[in-house]
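Just my_file_27.cif here, mmCIF, C-alpha atoms:
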data_entry
#
loop_
_atom_site.group_PDB
_atom_site.id
_atom_site.type_symbol
_atom_site.label_atom_id
_atom_site.label_comp_id
_atom_site.auth_asym_id
_atom_site.auth_seq_id
_atom_site.Cartn_x
_atom_site.Cartn_y
_atom_site.Cartn_z
ATOM 1 C CA MET A 29 -6.485 -4.031 19.590
ATOM 2 C CA LEU A 30 -7.369 -2.192 16.376
ATOM 3 C CA ALA A 31 -9.577 0.311 18.183
ATOM 4 C CA ARG A 32 -6.911 0.901 20.836
ATOM 5 C CA SER A 33 -4.270 1.372 18.151
ATOM 6 C CA ALA A 34 -6.470 3.876 16.334
ATOM 7 C CA ALA A 35 -6.934 5.712 19.640
ATOM 8 C CA GLY A 36 -3.170 6.187 19.846
ATOM 9 C CA ASP A 37 -2.183 3.242 22.051
ATOM 10 C CA GLU A 38 1.329 2.480 20.788
ATOM 11 C CA ALA A 39 1.625 -0.809 22.693
ATOM 12 C CA ALA A 40 -1.568 -2.011 20.997
ATOM 13 C CA PHE A 41 -0.167 -0.968 17.631
ATOM 14 C CA ALA A 42 3.048 -2.884 18.322
ATOM 15 C CA ASP A 43 0.963 -5.999 19.092
ATOM 16 C CA LEU A 44 -1.058 -5.469 15.932
ATOM 17 C CA MET A 45 2.146 -5.228 13.943
ATOM 18 C CA ARG A 46 3.583 -8.387 15.519
ATOM 19 C CA GLU A 47 0.411 -10.207 14.497
ATOM 20 C CA HIS A 48 0.799 -9.270 10.828
ATOM 21 C CA GLN A 49 4.527 -8.692 10.342
ATOM 22 C CA GLU A 50 5.133 -12.216 9.090
ATOM 23 C CA MET A 51 2.595 -11.817 6.290
ATOM 24 C CA VAL A 52 3.836 -8.390 5.165
ATOM 25 C CA TYR A 53 7.523 -9.268 5.390
ATOM 26 C CA SER A 54 7.077 -12.609 3.600
ATOM 27 C CA ILE A 55 5.235 -11.093 0.637
ATOM 28 C CA GLY A 56 8.131 -8.658 0.280
ATOM 29 C CA TRP A 57 10.767 -11.330 0.780
ATOM 30 C CA HIS A 58 9.271 -13.836 -1.675
ATOM 31 C CA TYR A 59 8.646 -11.148 -4.255
ATOM 32 C CA LEU A 60 11.888 -9.159 -3.976
ATOM 33 C CA ARG A 61 14.280 -11.904 -2.786
ATOM 34 C CA ASP A 62 16.212 -9.261 -0.878
ATOM 35 C CA ARG A 63 16.162 -9.318 2.903
ATOM 36 C CA THR A 64 17.032 -5.638 3.363
ATOM 37 C CA ALA A 65 14.564 -4.437 0.731
ATOM 38 C CA ALA A 66 11.843 -6.683 2.187
ATOM 39 C CA GLU A 67 12.377 -5.322 5.699
ATOM 40 C CA GLU A 68 12.483 -1.715 4.486
ATOM 41 C CA LEU A 69 9.286 -2.285 2.530
ATOM 42 C CA ALA A 70 7.543 -3.936 5.503
ATOM 43 C CA GLN A 71 8.591 -1.041 7.764
ATOM 44 C CA GLU A 72 7.172 1.471 5.272
ATOM 45 C CA VAL A 73 3.903 -0.475 5.076
ATOM 46 C CA PHE A 74 3.481 -0.404 8.859
ATOM 47 C CA LEU A 75 4.403 3.284 9.077
ATOM 48 C CA HIS A 76 1.780 3.946 6.406
ATOM 49 C CA LEU A 77 -0.692 1.864 8.409
ATOM 50 C CA TYR A 78 0.082 3.840 11.575
ATOM 51 C CA ARG A 79 -0.781 7.070 9.762
ATOM 52 C CA ASN A 80 -3.998 5.576 8.335
ATOM 53 C CA LEU A 81 -5.309 3.573 11.275
ATOM 54 C CA LYS A 82 -8.525 5.560 11.450
ATOM 55 C CA ALA A 83 -9.433 4.372 7.949
ATOM 56 C CA ILE A 84 -9.321 0.709 8.970
ATOM 57 C CA GLN A 85 -12.792 -0.554 9.734
ATOM 58 C CA SER A 86 -12.262 -4.147 10.928
ATOM 59 C CA PRO A 87 -9.595 -6.845 11.390
ATOM 60 C CA ALA A 88 -10.573 -8.342 8.007
ATOM 61 C CA HIS A 89 -10.262 -4.934 6.386
ATOM 62 C CA LEU A 90 -6.860 -4.562 8.027
ATOM 63 C CA VAL A 91 -5.589 -7.802 6.438
ATOM 64 C CA TYR A 92 -7.002 -6.782 3.067
ATOM 65 C CA TRP A 93 -5.472 -3.291 3.402
ATOM 66 C CA LEU A 94 -2.056 -4.665 4.399
ATOM 67 C CA ARG A 95 -2.011 -7.134 1.513
ATOM 68 C CA LYS A 96 -3.087 -4.488 -0.969
ATOM 69 C CA VAL A 97 -0.558 -1.878 0.153
ATOM 70 C CA THR A 98 2.216 -4.482 0.385
ATOM 71 C CA THR A 99 1.605 -5.946 -3.077
ATOM 72 C CA HIS A 100 1.451 -2.541 -4.749
ATOM 73 C CA ARG A 101 4.591 -1.367 -2.977
ATOM 74 C CA CYS A 102 6.359 -4.614 -3.906
ATOM 75 C CA ILE A 103 5.549 -4.075 -7.559
ATOM 76 C CA ASP A 104 6.806 -0.466 -7.413
ATOM 77 C CA GLN A 105 9.945 -1.523 -5.541
ATOM 78 C CA GLY A 106 10.520 -4.396 -7.967
ATOM 79 C CA ARG A 107 10.399 -1.955 -10.862
ATOM 80 C CA ARG A 108 12.961 0.265 -9.159
ATOM 81 C CA MET A 109 15.177 -2.778 -8.599
ATOM 82 C CA ARG A 110 14.737 -4.008 -12.161
ATOM 83 C CA LEU A 111 18.400 -3.552 -12.889
ATOM 84 C CA ARG A 112 19.400 -6.034 -10.234
ATOM 85 C CA PRO A 113 20.433 -9.385 -11.763
ATOM 86 C CA ARG A 114 17.497 -11.748 -11.988
ATOM 87 C CA VAL A 115 18.161 -15.222 -10.647
ATOM 88 C CA GLY A 116 17.552 -17.741 -13.379
ATOM 89 C CA LEU A 117 17.576 -21.472 -13.150
ATOM 90 C CA GLU A 118 21.110 -21.610 -14.479
ATOM 91 C CA ASP A 119 22.316 -19.396 -11.630
ATOM 92 C CA ALA A 120 20.883 -21.559 -8.882
ATOM 93 C CA PRO A 121 23.420 -23.657 -7.017
ATOM 94 C CA GLU A 122 23.169 -27.368 -7.760
ATOM 95 C CA PRO A 123 21.825 -29.492 -4.931
ATOM 96 C CA VAL A 124 24.438 -31.743 -3.430
ATOM 97 C CA ALA A 125 22.047 -34.646 -2.907
ATOM 98 C CA GLN A 126 18.915 -36.048 -4.508
ATOM 99 C CA VAL A 127 15.943 -33.838 -3.690
ATOM 100 C CA ASP A 128 12.950 -35.224 -1.837
ATOM 101 C CA ASP A 129 9.719 -33.759 -0.531
ATOM 102 C CA GLY A 130 10.470 -31.314 2.238
ATOM 103 C CA ASP A 131 14.036 -30.898 1.097
ATOM 104 C CA PRO A 132 15.169 -27.384 1.920
ATOM 105 C CA LEU A 133 17.208 -27.329 -1.282
ATOM 106 C CA LEU A 134 14.091 -27.995 -3.352
ATOM 107 C CA ALA A 135 12.258 -25.244 -1.499
ATOM 108 C CA GLU A 136 15.142 -22.840 -2.099
ATOM 109 C CA ARG A 137 15.276 -23.786 -5.770
ATOM 110 C CA LEU A 138 11.526 -23.188 -6.086
ATOM 111 C CA ARG A 139 11.826 -19.797 -4.390
ATOM 112 C CA ARG A 140 14.581 -18.829 -6.812
ATOM 113 C CA LEU A 141 12.467 -19.960 -9.742
ATOM 114 C CA VAL A 142 9.529 -17.916 -8.466
ATOM 115 C CA ALA A 143 11.845 -14.909 -8.132
ATOM 116 C CA GLY A 144 12.714 -15.310 -11.815
ATOM 117 C CA LEU A 145 9.081 -15.049 -12.948
ATOM 118 C CA PRO A 146 7.774 -11.847 -14.552
ATOM 119 C CA GLU A 147 6.488 -9.278 -12.021
ATOM 120 C CA ARG A 148 2.768 -9.911 -12.280
ATOM 121 C CA SER A 149 3.035 -13.708 -12.392
ATOM 122 C CA ARG A 150 5.448 -13.644 -9.462
ATOM 123 C CA MET A 151 3.031 -11.661 -7.300
ATOM 124 C CA ILE A 152 0.128 -13.896 -8.311
ATOM 125 C CA VAL A 153 2.122 -17.010 -7.343
ATOM 126 C CA VAL A 154 3.176 -15.463 -4.014
ATOM 127 C CA LEU A 155 -0.400 -14.481 -3.150
ATOM 128 C CA ARG A 156 -1.777 -17.855 -4.274
ATOM 129 C CA TYR A 157 0.706 -20.086 -2.462
ATOM 130 C CA GLN A 158 2.002 -17.975 0.413
ATOM 131 C CA GLU A 159 -1.283 -16.328 1.326
ATOM 132 C CA ASP A 160 -3.510 -19.130 0.040
ATOM 133 C CA LEU A 161 -5.756 -16.631 -1.757
ATOM 134 C CA GLU A 162 -8.311 -17.609 -4.363
ATOM 135 C CA PRO A 163 -7.820 -16.214 -7.894
ATOM 136 C CA ALA A 164 -10.826 -13.903 -7.420
ATOM 137 C CA GLU A 165 -9.262 -12.412 -4.275
ATOM 138 C CA ILE A 166 -5.948 -11.936 -6.101
ATOM 139 C CA ALA A 167 -7.753 -10.217 -8.974
ATOM 140 C CA GLU A 168 -9.366 -7.793 -6.548
ATOM 141 C CA LEU A 169 -6.094 -7.074 -4.728
ATOM 142 C CA LEU A 170 -4.124 -6.424 -7.892
ATOM 143 C CA ASP A 171 -6.970 -4.666 -9.735
ATOM 144 C CA ILE A 172 -6.771 -7.015 -12.698
ATOM 145 C CA PRO A 173 -9.389 -9.250 -14.376
ATOM 146 C CA LEU A 174 -9.965 -12.723 -12.968
ATOM 147 C CA GLY A 175 -9.137 -14.255 -16.357
ATOM 148 C CA THR A 176 -5.719 -12.575 -16.297
ATOM 149 C CA VAL A 177 -4.998 -14.029 -12.866
ATOM 150 C CA LYS A 178 -6.008 -17.533 -13.961
ATOM 151 C CA SER A 179 -4.026 -17.446 -17.207
ATOM 152 C CA ASN A 180 -0.941 -15.969 -15.492
ATOM 153 C CA LEU A 181 -1.130 -18.572 -12.755
ATOM 154 C CA HIS A 182 -1.522 -21.412 -15.250
ATOM 155 C CA ARG A 183 1.424 -20.179 -17.316
ATOM 156 C CA ALA A 184 3.608 -19.553 -14.267
ATOM 157 C CA LEU A 185 2.991 -23.058 -12.937
ATOM 158 C CA ALA A 186 3.861 -24.575 -16.320
ATOM 159 C CA VAL A 187 7.099 -22.565 -16.470
ATOM 160 C CA LEU A 188 8.065 -23.457 -12.902
ATOM 161 C CA LYS A 189 7.301 -27.153 -13.426
ATOM 162 C CA GLY A 190 9.224 -27.252 -16.680
ATOM 163 C CA LYS A 191 12.284 -25.588 -15.197
ATOM 164 C CA LEU A 192 12.198 -27.776 -12.118
ATOM 165 C CA GLU A 193 11.909 -30.942 -14.219
ATOM 166 C CA ARG A 194 14.872 -29.881 -16.334
ATOM 167 C CA ALA A 195 16.835 -29.290 -13.172
ATOM 168 C CA MET A 196 15.863 -32.696 -11.784
ATOM 169 C CA LYS A 197 17.013 -34.403 -14.984
ATOM 170 C CA GLY A 198 20.290 -32.574 -14.654
ATOM 171 C CA ILE A 199 20.998 -33.910 -11.186
ATOM 172 C CA ARG A 200 19.501 -37.408 -11.441
ATOM 173 C CA PRO A 201 21.248 -40.171 -13.360
ATOM 174 C CA MET B 1 -4.034 -29.210 -5.187
ATOM 175 C CA THR B 2 -1.291 -31.156 -6.958
ATOM 176 C CA ASN B 3 1.905 -32.358 -5.357
ATOM 177 C CA PHE B 4 3.814 -29.633 -7.170
ATOM 178 C CA GLU B 5 1.521 -26.982 -5.754
ATOM 179 C CA ASP B 6 2.032 -28.426 -2.276
ATOM 180 C CA GLU B 7 5.780 -28.118 -2.755
ATOM 181 C CA LEU B 8 5.324 -24.551 -3.910
ATOM 182 C CA LYS B 9 3.194 -23.813 -0.886
ATOM 183 C CA ALA B 10 5.843 -25.261 1.409
ATOM 184 C CA ALA B 11 8.564 -23.267 -0.325
ATOM 185 C CA LEU B 12 6.591 -20.039 -0.027
ATOM 186 C CA ARG B 13 5.708 -20.508 3.616
ATOM 187 C CA ARG B 14 5.641 -17.259 5.586
ATOM 188 C CA LYS B 15 8.936 -16.206 7.138
ATOM 189 C CA GLU B 16 9.569 -14.352 10.366
ATOM 190 C CA PRO B 17 11.083 -10.919 9.779
ATOM 191 C CA PRO B 18 14.560 -10.329 11.264
ATOM 192 C CA LEU B 19 14.695 -10.061 15.045
ATOM 193 C CA GLY B 20 13.702 -6.662 16.440
ATOM 194 C CA PHE B 21 11.630 -5.708 13.407
ATOM 195 C CA ALA B 22 8.671 -4.364 15.397
ATOM 196 C CA ASN B 23 10.981 -2.366 17.677
ATOM 197 C CA ARG B 24 12.658 -0.758 14.672
ATOM 198 C CA VAL B 25 9.268 0.286 13.289
ATOM 199 C CA MET B 26 8.211 1.661 16.685
ATOM 200 C CA ARG B 27 11.412 3.699 16.855
ATOM 201 C CA ARG B 28 10.624 5.167 13.428
ATOM 202 C CA ILE B 29 7.108 5.997 14.646
ATOM 203 C CA GLU B 30 8.409 7.711 17.774
ATOM 204 C CA ARG B 31 11.173 9.609 15.959
ATOM 205 C CA PRO B 32 8.997 12.270 14.275
ATOM 206 C CA ARG B 33 7.390 13.069 17.584
ATOM 207 C CA PRO B 34 10.144 15.338 19.011
ATOM 208 C CA ALA B 35 10.234 17.159 15.705
ATOM 209 C CA PHE B 36 6.455 17.582 15.903
ATOM 210 C CA ARG B 37 6.718 18.842 19.463
ATOM 211 C CA LEU B 38 9.628 21.101 18.543
ATOM 212 C CA ARG B 39 7.624 22.592 15.710
ATOM 213 C CA TRP B 40 4.788 23.415 18.077
ATOM 214 C CA ALA B 41 7.227 24.745 20.645
ATOM 215 C CA ALA B 42 8.794 26.943 17.961
ATOM 216 C CA TRP B 43 5.355 28.250 16.982
ATOM 217 C CA ALA B 44 4.523 28.903 20.645
ATOM 218 C CA VAL B 45 7.805 30.749 21.202
ATOM 219 C CA ALA B 46 7.289 32.789 18.029
ATOM 220 C CA ALA B 47 3.734 33.643 19.058
ATOM 221 C CA GLY B 48 4.987 34.559 22.541
ATOM 222 C CA LEU B 49 7.687 36.795 21.096
ATOM 223 C CA ILE B 50 5.228 38.536 18.802
ATOM 224 C CA LEU B 51 2.798 39.108 21.674
ATOM 225 C CA SER B 52 5.620 40.329 23.933
ATOM 226 C CA ALA B 53 6.907 42.677 21.255
ATOM 227 C CA GLY B 54 3.374 43.983 20.698
ATOM 228 C CA GLY B 55 2.854 44.396 24.436
ATOM 229 C CA LEU B 56 6.160 46.244 24.871
ATOM 230 C CA ARG B 57 5.366 48.517 21.978
ATOM 231 C CA TYR B 58 1.922 49.278 23.413
ATOM 232 C CA HIS B 59 3.450 49.865 26.847
ATOM 233 C CA SER B 60 6.070 52.275 25.493
ATOM 234 C CA TYR B 61 3.329 54.044 23.518
ATOM 235 C CA GLN B 62 1.334 54.442 26.721
ATOM 236 C CA VAL B 63 4.417 55.733 28.581
ATOM 237 C CA GLU B 64 5.189 58.209 25.802
ATOM 238 C CA ARG B 65 1.593 59.346 25.766
ATOM 239 C CA ALA B 66 1.579 59.833 29.549
ATOM 240 C CA GLN B 67 4.852 61.788 29.319
ATOM 241 C CA GLY B 68 3.375 63.918 26.545
ATOM 242 C CA GLU B 69 0.285 64.611 28.612
ATOM 243 C CA ARG B 70 2.452 65.542 31.606
ATOM 244 C CA ALA B 71 4.616 67.827 29.480
ATOM 245 C CA LYS B 72 1.492 69.429 28.049
ATOM 246 C CA ARG B 73 0.095 70.015 31.522
ATOM 247 C CA GLN B 74 3.427 71.476 32.702
ATOM 248 C CA LEU B 75 3.596 73.736 29.659
ATOM 249 C CA LEU B 76 0.059 74.980 30.233
ATOM 250 C CA LEU B 77 0.875 75.595 33.903
ATOM 251 C CA ALA B 78 4.057 77.430 32.939
ATOM 252 C CA LEU B 79 2.131 79.526 30.450
ATOM 253 C CA GLU B 80 -0.513 80.264 33.090
ATOM 254 C CA ILE B 81 2.168 81.305 35.611
ATOM 255 C CA THR B 82 3.927 83.429 32.998
ATOM 256 C CA SER B 83 0.640 85.032 32.055
ATOM 257 C CA GLU B 84 -0.119 85.845 35.692
ATOM 258 C CA LYS B 85 3.374 87.267 36.192
ATOM 259 C CA LEU B 86 2.995 89.341 33.068
ATOM 260 C CA SER B 87 -0.394 90.618 34.333
ATOM 261 C CA LEU B 88 1.219 91.504 37.652
ATOM 262 C CA VAL B 89 4.056 93.343 35.922
ATOM 263 C CA GLN B 90 1.530 95.066 33.696
ATOM 264 C CA ARG B 91 -0.472 96.179 36.743
ATOM 265 C CA LYS B 92 2.678 97.502 38.457
ATOM 266 C CA VAL B 93 3.740 99.367 35.309
ATOM 267 C CA ASP B 94 0.225 100.840 35.059
ATOM 268 C CA ALA B 95 0.367 101.925 38.726
ATOM 269 C CA LEU B 96 3.765 103.590 38.262
ATOM 270 C CA SER B 97 2.522 105.384 35.158
ATOM 271 C CA GLN B 98 -0.508 106.723 37.073
ATOM 272 C CA ARG B 99 1.740 108.054 39.850
ATOM 273 C CA THR B 100 4.108 109.711 37.403
ATOM 274 C CA ILE B 101 1.234 111.508 35.649
ATOM 275 C CA GLN B 102 -0.223 112.746 38.976
#
So, in terms of structure tokens, how does the structure I just supplied come out?
Amino acid sequence: MLARSAAGDEAAFADLMREHQEMVYSIGWHYLRDRTAAEELAQEVFLHLYRNLKAIQSPAHLVYWLRKVTTHRCIDQGRRMRLRPRVGLEDAPEPVAQVDDGDPLLAERLRRLVAGLPERSRMIVVLRYQEDLEPAEIAELLDIPLGTVKSNLHRALAVLKGKLERAMKGIRP
Amino acid sequence: MTNFEDELKAALRRKEPPLGFANRVMRRIERPRPAFRLRWAAWAVAAGLILSAGGLRYHSYQVERAQGERAKRQLLLALEITSEKLSLVQRKVDALSQRTIQ
């Protein structure tokens, strides 16, 4: 499919895109928390891919390339959107019922908390838990030292846990 | 992985992009194509016009040159005829002069 896409087969490229669109869009969505911005970003990533298909050497390289381009564009886009109001824990709507595992309200609350993390930590958390990447892989993607990834991840988890626990206390008797 | 990390993983599960995403990207890929073709068509038309203009200019130069050559030939012929006529007149004048003297 990759070779056919690089040879100019548009149907093959469309299939290639359908195979990876979920990954690209979700990184954008979880990082930016803006559906329109995430779609626009994902479209730009695939247009960029279309123009650079000849540089892609293998399916594994394609995934690496897509993740790298997407994360860097997310960070740039996030900086441009810095003025948008950040969603803090206090802004999140209160759940109407006690939260359990698998509760969509808990998931939504967690996503909002992730969106409130600082840029770098947010991207590290998204790559770690959405893409299931190891810290070393994240370090390579973001061009930062492994130690920075580990410390950011550790701190981000502590912040998220703390905020979630405070929220739980607030809604449980 | 702790329970909290599992919850985080579930919360950050991949999401499908909005319906028609791939089609919208394909439309954006196809869009520049007419412009690309138009640009080449414009270059081709411009090149054609330049070549045509050059060809016309060369053709009119050739026509002018042929006309000039023809005019030159006609002038030379006219001069030749005039010269012959003048020689004839000269001969007649000479003959009349001879008779008058005799």
Write down, as JSON, numbers by chain, each residue of chain B that has any atom within 12 Å of an atom of chain A, counting all atoms listed in the file.
{"B": [1, 2, 3, 4, 5, 6, 7, 8, 9, 10, 11, 12, 13, 14, 15, 16, 17, 18, 19, 20, 21, 22, 23, 24, 25, 26, 27, 28, 29, 30, 31, 32]}
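Taking CA of Arg183 in chain A and CA of Cys102 in chain A as endpoints, the distance between them is 21.1 Å.
Residues matched by the PyMOL selection byres ((chain A and resi 146) around 12) in this file: Tyr59, Leu60, Ile103, Gly106, Arg107, Arg110, Arg114, Val115, Gly116, Leu141, Val142, Ala143, Gly144, Leu145, Glu147, Arg148, Ser149, Arg150, Met151, Ile152, Val153, Asn180, Leu181, Arg183, Ala184, Val187 and Leu188 of chain A.
Straight-line separation from CA of Met196 in chain A to CA of Ser179 in chain A: 25.6 Å.
You will find CA of Met109 in chain A at 28.9 Å from CA of Glu193 in chain A.
Using all atoms listed in the file for every distance, the candidate list A:Ser33, A:Lys96, A:Gln105, A:Pro87 yields A:Gln105 as the residue closest to Asp62 in chain A.
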